[in-house]
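Input: a single structure, listed below in structure tokens.
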Amino acid sequence: MTYKNEAEERELQRRLDILEDPKNQGEGFGPTDWAWLAILGVIFPVALLIWGWF
Amino acid sequence: MATTEQAAGQFSDNIEETALPLLKSERTWGRWDLLVVLAVAAAATWCYIIGEYVGYYLDLKMGIAAMTAGAMIGMLLVTLAVVPIATKFGIDSIKGSIPQFGNRGWVITVALQYASIIGWNSILLIFFAKSVRQLAATLGFVPADGGAWLIPVSTLVACAVVFLILRQGSRGIEKVSKVLFFVIIGLGLWMIYELVTQKGADLVAAAPAYASESRLWNYTTGIEIGIVSLLSWWPYIGAMVRVGSDAHKATLPSMLGMGFPVPVLSIIGLAAILALQTSDPSGWLVQLGGPVYGVIALVFVIAANFGTAVIGVYASSLGVKQVPGIADLTWPKTVLVSVIPVAVVGALIPELFFSSFGSFLAFIGVFFAPLCAIQITDYFFLRGQRVSVKSIYDSSAASGYAYWGGVNIAAVLAMAAGFGTYWYLLHPLTYASHWPYEFLTASLPTAFVGGVVYYVVTKLLVQPAGKGGYAS
């Protein structure tokens, strides 16, 4: 293994140790996000399709 | 031997050019940054071709409705599949697929990403090259039906410029995106204004050229084109949103920045094909306003396509950098691995590839619809949003995601079931369809079948075998 890979491996382990802790992870979708996803990904398309058909 | 601090310092300057997970402190893109970068990635002249294809089947009003609705549905699938895991650990789309496909099976997703991005970039840069030829002919530099040599030459020049920009890594993307954003949005809105004010009456009266007798089939096909066009963002989006700190920051940029510009700009292609029988703005803008308009159109094509091509090659380079053998290449050489196939396609078979756009779109739907469904099913319904980042980066047989020889049979079977479903509902080459395509589209049932097969096989086979790192 080259030095670069050894260094990268150490850096990877350091990062994984940090990211294993949930407080260092990005949060998932919250209620507002789910609302936006429903509006933009479901309600808006359905409304558009009804408008387009008639 | 280097210390941990030295190693960290070595990677801190070019961390976004590696497949390492990004720490929260490194994920510095806010909503606005993400919105701009994602919008620039989405806003390219493929929108005109997408609009053109919808315009074969639908008039302006139905086309706008079907295309936009389909695009937002497609974007919802991609957002649910990629954004949560990419923003949780700062990883790209490929790493995010390891929990489902396995610590060797992810090569399936790399292959799909590579093929998809090379395909889209080839279409973009060939479109750019054709626009250069069109403009050169309009300005009298080459004969009206000549100058074919300009297409491969322009494609090669474009590939060289993309490579030069990306030698800087993602910093090149951010700089280019911020410049291009206003050019793309501003010129795009101006084009819509010109079309509506000068050809408004023609647009209202225009009939689609290849519409079938079934109004419902035409409408569904417009929706299907919208969905599969946005499923194309699966390979791109992970590399971008991972630089955001959480899913909350990425939700609206994803849906509005990446989802909405495509149908909006596709309206230009839709309106142009209906009213002027060509979707290439360097052709129809000359009809409307002479050579000056043609030059403006070319500026737009350059701005839009370069932004997307740069981001596409970056995402593809990140993906292939995880493949053994390529992992040890320097960043510029990795970028070349992504750029050279585009140059070859653009130089050798530009017309053949460009004319196969419909089949290429169907290829996207065939593979990416079940892929999204597999990820959504696994992350939300089987794992309860809990994934081990250590297992993602563990390529050994002891990894929680080692499955059988590194491959998850459930994912392979689900992809195969999705493939068969799409093929039955809408033949990717002939566009021949079978019931219930006209009621459901092809992509949505394909995603549903893929998700259900994955869920059932996981419950019946994977979990009882103690594979996959599922919580017991």
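Each chain in the structure tokens gets a letter, A, B, ..., in the order shown, and its residues are numbered from 1; ligands are numbered from 1 in order too.
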With 8 Å as the cut-off and only C-alpha atoms counted, what is the closest atom pair between each nearby residue of chain B and chain A? Distances in Å to one decimal, ordered by chain and number, as JSON lines.
{"residue": "B:Ala2", "atom": "CA", "partner": "A:Ala7", "partner_atom": "CA", "distance": 7.1}
{"residue": "B:Thr4", "atom": "CA", "partner": "A:Arg10", "partner_atom": "CA", "distance": 6.6}
{"residue": "B:Ala7", "atom": "CA", "partner": "A:Ala7", "partner_atom": "CA", "distance": 5.4}
{"residue": "B:Ala8", "atom": "CA", "partner": "A:Glu11", "partner_atom": "CA", "distance": 5.9}
{"residue": "B:Phe11", "atom": "CA", "partner": "A:Glu8", "partner_atom": "CA", "distance": 7.9}
{"residue": "B:Leu20", "atom": "CA", "partner": "A:Leu12", "partner_atom": "CA", "distance": 6.3}
{"residue": "B:Pro21", "atom": "CA", "partner": "A:Arg15", "partner_atom": "CA", "distance": 7.0}
{"residue": "B:Leu22", "atom": "CA", "partner": "A:Arg15", "partner_atom": "CA", "distance": 7.9}
{"residue": "B:Leu23", "atom": "CA", "partner": "A:Arg15", "partner_atom": "CA", "distance": 7.0}
{"residue": "B:Lys24", "atom": "CA", "partner": "A:Asn24", "partner_atom": "CA", "distance": 6.6}
{"residue": "B:Lys61", "atom": "CA", "partner": "A:Gly52", "partner_atom": "CA", "distance": 5.9}
{"residue": "B:Met62", "atom": "CA", "partner": "A:Gly52", "partner_atom": "CA", "distance": 4.7}
{"residue": "B:Gly63", "atom": "CA", "partner": "A:Gly52", "partner_atom": "CA", "distance": 7.9}
{"residue": "B:Ile64", "atom": "CA", "partner": "A:Gly52", "partner_atom": "CA", "distance": 7.6}
{"residue": "B:Ala65", "atom": "CA", "partner": "A:Gly52", "partner_atom": "CA", "distance": 5.0}
{"residue": "B:Ala66", "atom": "CA", "partner": "A:Leu49", "partner_atom": "CA", "distance": 6.2}
{"residue": "B:Thr68", "atom": "CA", "partner": "A:Pro45", "partner_atom": "CA", "distance": 7.1}
{"residue": "B:Ala69", "atom": "CA", "partner": "A:Pro45", "partner_atom": "CA", "distance": 4.0}
{"residue": "B:Gly70", "atom": "CA", "partner": "A:Pro45", "partner_atom": "CA", "distance": 7.1}
{"residue": "B:Met72", "atom": "CA", "partner": "A:Gly41", "partner_atom": "CA", "distance": 5.2}
{"residue": "B:Ile73", "atom": "CA", "partner": "A:Gly41", "partner_atom": "CA", "distance": 5.1}
{"residue": "B:Met75", "atom": "CA", "partner": "A:Gly41", "partner_atom": "CA", "distance": 7.3}
{"residue": "B:Leu76", "atom": "CA", "partner": "A:Gly41", "partner_atom": "CA", "distance": 5.2}
{"residue": "B:Pro84", "atom": "CA", "partner": "A:Gly28", "partner_atom": "CA", "distance": 5.6}
{"residue": "B:Thr87", "atom": "CA", "partner": "A:Gly26", "partner_atom": "CA", "distance": 5.5}
{"residue": "B:Lys88", "atom": "CA", "partner": "A:Gly26", "partner_atom": "CA", "distance": 4.0}
{"residue": "B:Phe89", "atom": "CA", "partner": "A:Gln25", "partner_atom": "CA", "distance": 5.8}
{"residue": "B:Gly90", "atom": "CA", "partner": "A:Gly26", "partner_atom": "CA", "distance": 7.9}
{"residue": "B:Ser245", "atom": "CA", "partner": "A:Gly26", "partner_atom": "CA", "distance": 5.7}
{"residue": "B:Asp246", "atom": "CA", "partner": "A:Gly26", "partner_atom": "CA", "distance": 4.2}
{"residue": "B:Ala247", "atom": "CA", "partner": "A:Gly28", "partner_atom": "CA", "distance": 5.1}
{"residue": "B:His248", "atom": "CA", "partner": "A:Phe29", "partner_atom": "CA", "distance": 5.6}
{"residue": "B:Thr251", "atom": "CA", "partner": "A:Asp33", "partner_atom": "CA", "distance": 6.3}
{"residue": "B:Leu252", "atom": "CA", "partner": "A:Trp36", "partner_atom": "CA", "distance": 7.4}
{"residue": "B:Met255", "atom": "CA", "partner": "A:Leu40", "partner_atom": "CA", "distance": 7.1}
{"residue": "B:Asp328", "atom": "CA", "partner": "A:Asn5", "partner_atom": "CA", "distance": 8.0}
{"residue": "B:Ser388", "atom": "CA", "partner": "A:Glu20", "partner_atom": "CA", "distance": 7.5}
{"residue": "B:Val389", "atom": "CA", "partner": "A:Leu16", "partner_atom": "CA", "distance": 6.7}
{"residue": "B:Lys390", "atom": "CA", "partner": "A:Leu16", "partner_atom": "CA", "distance": 6.0}
Please, could you write that set of residues out with N, CA and C atoms as a compact mmCIF listing (two decimals), in the first residue's frame?
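Result saved to selection14.txt:
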# COMPACT_ATOMS: atom_id res chain seq x y z
N ALA B 2 3.10 9.28 9.04
CA ALA B 2 2.39 10.54 9.25
C ALA B 2 1.44 10.43 10.44
N THR B 4 -2.05 11.52 12.57
CA THR B 4 -3.43 11.75 12.14
C THR B 4 -3.65 13.19 11.71
N ALA B 7 -2.22 13.74 8.33
CA ALA B 7 -3.10 13.14 7.32
C ALA B 7 -4.31 14.02 7.07
N ALA B 8 -4.89 14.53 8.16
CA ALA B 8 -6.06 15.39 8.02
C ALA B 8 -5.72 16.63 7.21
N PHE B 11 -5.51 16.15 3.45
CA PHE B 11 -6.75 15.99 2.69
C PHE B 11 -7.68 17.20 2.79
N LEU B 20 -14.06 10.32 0.39
CA LEU B 20 -14.18 10.32 1.85
C LEU B 20 -15.46 11.03 2.26
N PRO B 21 -16.07 10.59 3.37
CA PRO B 21 -17.27 11.30 3.84
C PRO B 21 -16.90 12.70 4.33
N LEU B 22 -17.78 13.65 4.10
CA LEU B 22 -17.50 15.02 4.54
C LEU B 22 -18.02 15.22 5.96
N LEU B 23 -17.20 15.84 6.80
CA LEU B 23 -17.64 16.16 8.15
C LEU B 23 -18.56 17.38 8.09
N LYS B 24 -19.33 17.55 9.16
CA LYS B 24 -20.28 18.66 9.17
C LYS B 24 -19.59 20.00 8.94
N LYS B 61 -50.61 23.57 -23.70
CA LYS B 61 -51.16 23.50 -22.34
C LYS B 61 -50.97 22.11 -21.72
N MET B 62 -51.35 21.09 -22.47
CA MET B 62 -51.20 19.73 -21.94
C MET B 62 -49.72 19.37 -21.77
N GLY B 63 -48.91 19.87 -22.69
CA GLY B 63 -47.48 19.59 -22.61
C GLY B 63 -46.86 20.19 -21.36
N ILE B 64 -47.21 21.44 -21.07
CA ILE B 64 -46.67 22.09 -19.87
C ILE B 64 -47.11 21.32 -18.62
N ALA B 65 -48.40 20.96 -18.58
CA ALA B 65 -48.92 20.26 -17.39
C ALA B 65 -48.25 18.90 -17.22
N ALA B 66 -48.19 18.12 -18.30
CA ALA B 66 -47.66 16.76 -18.19
C ALA B 66 -46.17 16.77 -17.86
N THR B 68 -44.32 19.17 -16.49
CA THR B 68 -44.01 19.72 -15.16
C THR B 68 -44.41 18.72 -14.07
N ALA B 69 -45.60 18.15 -14.21
CA ALA B 69 -46.05 17.18 -13.20
C ALA B 69 -45.10 15.98 -13.15
N GLY B 70 -44.76 15.46 -14.32
CA GLY B 70 -43.85 14.32 -14.37
C GLY B 70 -42.50 14.66 -13.77
N MET B 72 -41.76 16.88 -11.47
CA MET B 72 -41.79 17.02 -10.01
C MET B 72 -41.95 15.65 -9.33
N ILE B 73 -42.70 14.74 -9.98
CA ILE B 73 -42.83 13.39 -9.43
C ILE B 73 -41.47 12.67 -9.48
N MET B 75 -38.56 14.06 -9.53
CA MET B 75 -37.64 14.69 -8.58
C MET B 75 -37.93 14.23 -7.16
N LEU B 76 -39.21 14.00 -6.86
CA LEU B 76 -39.56 13.50 -5.53
C LEU B 76 -38.89 12.14 -5.28
N PRO B 84 -31.52 12.02 1.89
CA PRO B 84 -31.33 11.73 3.33
C PRO B 84 -29.98 11.12 3.66
N THR B 87 -26.82 13.55 2.79
CA THR B 87 -26.63 14.66 3.73
C THR B 87 -26.37 14.16 5.16
N LYS B 88 -26.73 12.92 5.43
CA LYS B 88 -26.48 12.38 6.76
C LYS B 88 -24.98 12.20 7.00
N PHE B 89 -24.28 11.67 5.97
CA PHE B 89 -22.86 11.35 6.14
C PHE B 89 -21.93 12.13 5.21
N GLY B 90 -22.47 13.01 4.39
CA GLY B 90 -21.62 13.73 3.45
C GLY B 90 -21.04 12.81 2.38
N SER B 245 -25.29 20.62 4.91
CA SER B 245 -25.10 20.01 6.24
C SER B 245 -26.20 19.06 6.67
N ASP B 246 -27.40 19.18 6.11
CA ASP B 246 -28.47 18.24 6.48
C ASP B 246 -29.56 18.21 5.41
N ALA B 247 -30.48 17.26 5.57
CA ALA B 247 -31.54 17.08 4.57
C ALA B 247 -32.46 18.29 4.52
N HIS B 248 -32.63 18.94 5.67
CA HIS B 248 -33.50 20.10 5.75
C HIS B 248 -33.03 21.20 4.79
N THR B 251 -33.76 20.07 0.94
CA THR B 251 -35.07 19.69 0.42
C THR B 251 -35.58 20.64 -0.66
N LEU B 252 -35.70 21.91 -0.32
CA LEU B 252 -36.22 22.86 -1.31
C LEU B 252 -35.26 23.09 -2.47
N MET B 255 -35.92 20.08 -4.77
CA MET B 255 -37.20 20.07 -5.47
C MET B 255 -37.35 21.28 -6.40
N ASP B 328 -6.40 5.19 -7.32
CA ASP B 328 -5.06 5.73 -7.09
C ASP B 328 -4.64 6.77 -8.12
N SER B 388 -25.20 2.24 8.88
CA SER B 388 -23.86 2.29 9.46
C SER B 388 -22.86 2.84 8.45
N VAL B 389 -22.28 3.99 8.79
CA VAL B 389 -21.32 4.60 7.86
C VAL B 389 -20.03 3.77 7.82
N LYS B 390 -19.70 3.11 8.92
CA LYS B 390 -18.49 2.27 8.92
C LYS B 390 -18.66 1.08 7.98
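Using only C-alpha atoms, the contacts of Ser97 of chain B at a cut-off of 7 Å, with sequence neighbours closer than 4 positions omitted, comprise Ser93, Phe101, Trp106 and Gln375 of chain B.
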Quiz prompt | Spatial neighbours of segment 137-140 of chain B, 12 Å, only C-alpha atoms, chain gap at least 5 places, as a PyMOL selection string | solution = chain B and resi 130-132+145-148+150+282-287+290-295+298
I need the residues from that last selection saved to file as an mmCIF file, in the first residue's frame (with C-alpha atoms), if you can.
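Wrote it out as out-v4.cif, contents follow:
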data_model
loop_
_atom_site.group_PDB
_atom_site.id
_atom_site.type_symbol
_atom_site.label_atom_id
_atom_site.label_comp_id
_atom_site.auth_asym_id
_atom_site.auth_seq_id
_atom_site.Cartn_x
_atom_site.Cartn_y
_atom_site.Cartn_z
ATOM 1 C CA LYS B 130 -24.512 21.543 -33.562
ATOM 2 C CA SER B 131 -25.433 25.039 -32.385
ATOM 3 C CA VAL B 132 -21.941 26.252 -33.311
ATOM 4 C CA ASP B 145 -25.667 22.418 -45.519
ATOM 5 C CA GLY B 146 -21.930 22.136 -44.836
ATOM 6 C CA GLY B 147 -19.530 22.541 -41.939
ATOM 7 C CA ALA B 148 -20.157 19.059 -40.558
ATOM 8 C CA LEU B 150 -17.365 21.731 -36.952
ATOM 9 C CA SER B 282 -29.676 28.942 -32.485
ATOM 10 C CA GLY B 283 -32.010 27.968 -35.320
ATOM 11 C CA TRP B 284 -35.358 29.415 -34.262
ATOM 12 C CA LEU B 285 -34.052 32.607 -32.649
ATOM 13 C CA VAL B 286 -32.433 33.494 -35.975
ATOM 14 C CA GLN B 287 -35.878 33.072 -37.553
ATOM 15 C CA GLY B 290 -31.780 37.519 -37.219
ATOM 16 C CA PRO B 291 -28.097 36.721 -36.581
ATOM 17 C CA VAL B 292 -27.835 38.852 -33.409
ATOM 18 C CA TYR B 293 -30.457 36.672 -31.762
ATOM 19 C CA GLY B 294 -28.530 33.659 -33.017
ATOM 20 C CA VAL B 295 -25.397 34.826 -31.253
ATOM 21 C CA LEU B 298 -25.322 30.395 -28.767
#
Could you give me the residues within segment 9-53 of chain A that DSSP places in helix (DSSP H, G or I), as a PDB file with C-alpha atoms, in the first residue's frame?
ATOM      1  CA  GLU A   9      -7.009   5.091   5.292  1.00  0.00           C
ATOM      2  CA  ARG A  10      -6.091   6.816   8.567  1.00  0.00           C
ATOM      3  CA  GLU A  11      -8.061   9.877   7.566  1.00  0.00           C
ATOM      4  CA  LEU A  12     -11.024   7.716   6.643  1.00  0.00           C
ATOM      5  CA  GLN A  13     -10.988   5.997  10.036  1.00  0.00           C
ATOM      6  CA  ARG A  14     -10.804   9.359  11.785  1.00  0.00           C
ATOM      7  CA  ARG A  15     -13.817  10.580   9.863  1.00  0.00           C
ATOM      8  CA  LEU A  16     -15.808   7.385  10.413  1.00  0.00           C
ATOM      9  CA  ASP A  17     -15.194   7.590  14.154  1.00  0.00           C
ATOM     10  CA  ILE A  18     -16.553  11.115  14.169  1.00  0.00           C
ATOM     11  CA  LEU A  19     -19.517  10.318  11.911  1.00  0.00           C
ATOM     12  CA  GLU A  20     -20.570   7.274  13.940  1.00  0.00           C
ATOM     13  CA  PRO A  22     -25.358  10.694  15.630  1.00  0.00           C
ATOM     14  CA  LYS A  23     -24.781  14.264  16.751  1.00  0.00           C
ATOM     15  CA  ASN A  24     -22.166  14.604  13.993  1.00  0.00           C
ATOM     16  CA  PRO A  31     -42.102  17.844   9.374  1.00  0.00           C
ATOM     17  CA  THR A  32     -41.724  20.994   7.263  1.00  0.00           C
ATOM     18  CA  ASP A  33     -39.600  19.137   4.733  1.00  0.00           C
ATOM     19  CA  TRP A  34     -42.154  16.334   4.457  1.00  0.00           C
ATOM     20  CA  ALA A  35     -44.853  18.945   3.924  1.00  0.00           C
ATOM     21  CA  TRP A  36     -42.846  20.567   1.103  1.00  0.00           C
ATOM     22  CA  LEU A  37     -42.143  17.184  -0.462  1.00  0.00           C
ATOM     23  CA  ALA A  38     -45.857  16.331  -0.388  1.00  0.00           C
ATOM     24  CA  ILE A  39     -46.849  19.711  -1.810  1.00  0.00           C
ATOM     25  CA  LEU A  40     -44.221  19.886  -4.552  1.00  0.00           C
ATOM     26  CA  GLY A  41     -43.996  16.192  -5.386  1.00  0.00           C
ATOM     27  CA  VAL A  42     -47.634  15.064  -5.098  1.00  0.00           C
ATOM     28  CA  ILE A  43     -50.259  17.791  -4.673  1.00  0.00           C
ATOM     29  CA  PHE A  44     -48.788  20.246  -7.200  1.00  0.00           C
ATOM     30  CA  PRO A  45     -48.363  17.596  -9.940  1.00  0.00           C
ATOM     31  CA  VAL A  46     -51.879  16.224  -9.422  1.00  0.00           C
ATOM     32  CA  ALA A  47     -53.356  19.728  -9.585  1.00  0.00           C
ATOM     33  CA  LEU A  48     -51.357  20.478 -12.733  1.00  0.00           C
ATOM     34  CA  LEU A  49     -52.522  17.289 -14.414  1.00  0.00           C
ATOM     35  CA  ILE A  50     -56.155  18.108 -13.685  1.00  0.00           C
ATOM     36  CA  TRP A  51     -55.632  21.638 -15.052  1.00  0.00           C
ATOM     37  CA  GLY A  52     -53.907  20.348 -18.157  1.00  0.00           C
ATOM     38  CA  TRP A  53     -56.563  17.768 -18.975  1.00  0.00           C
TER      39      TRP A  53
END
Practice problem: Can you pull out every residue within 10 Å of Ala471 of chain B, counting only C-alpha atoms, but drop anything in the same chain fewer than 6 positions away, and send it as JSON, numbers by chain? | Solution: {"B": [382, 383, 384, 386, 387, 463]}
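For the pair atom CA of Trp331 of chain B and atom CA of Asp92 of chain B, the separation is 16.4 Å.
Note that atom CA of Ala43 of chain B and atom CA of Lys95 of chain B are 25.6 Å apart.
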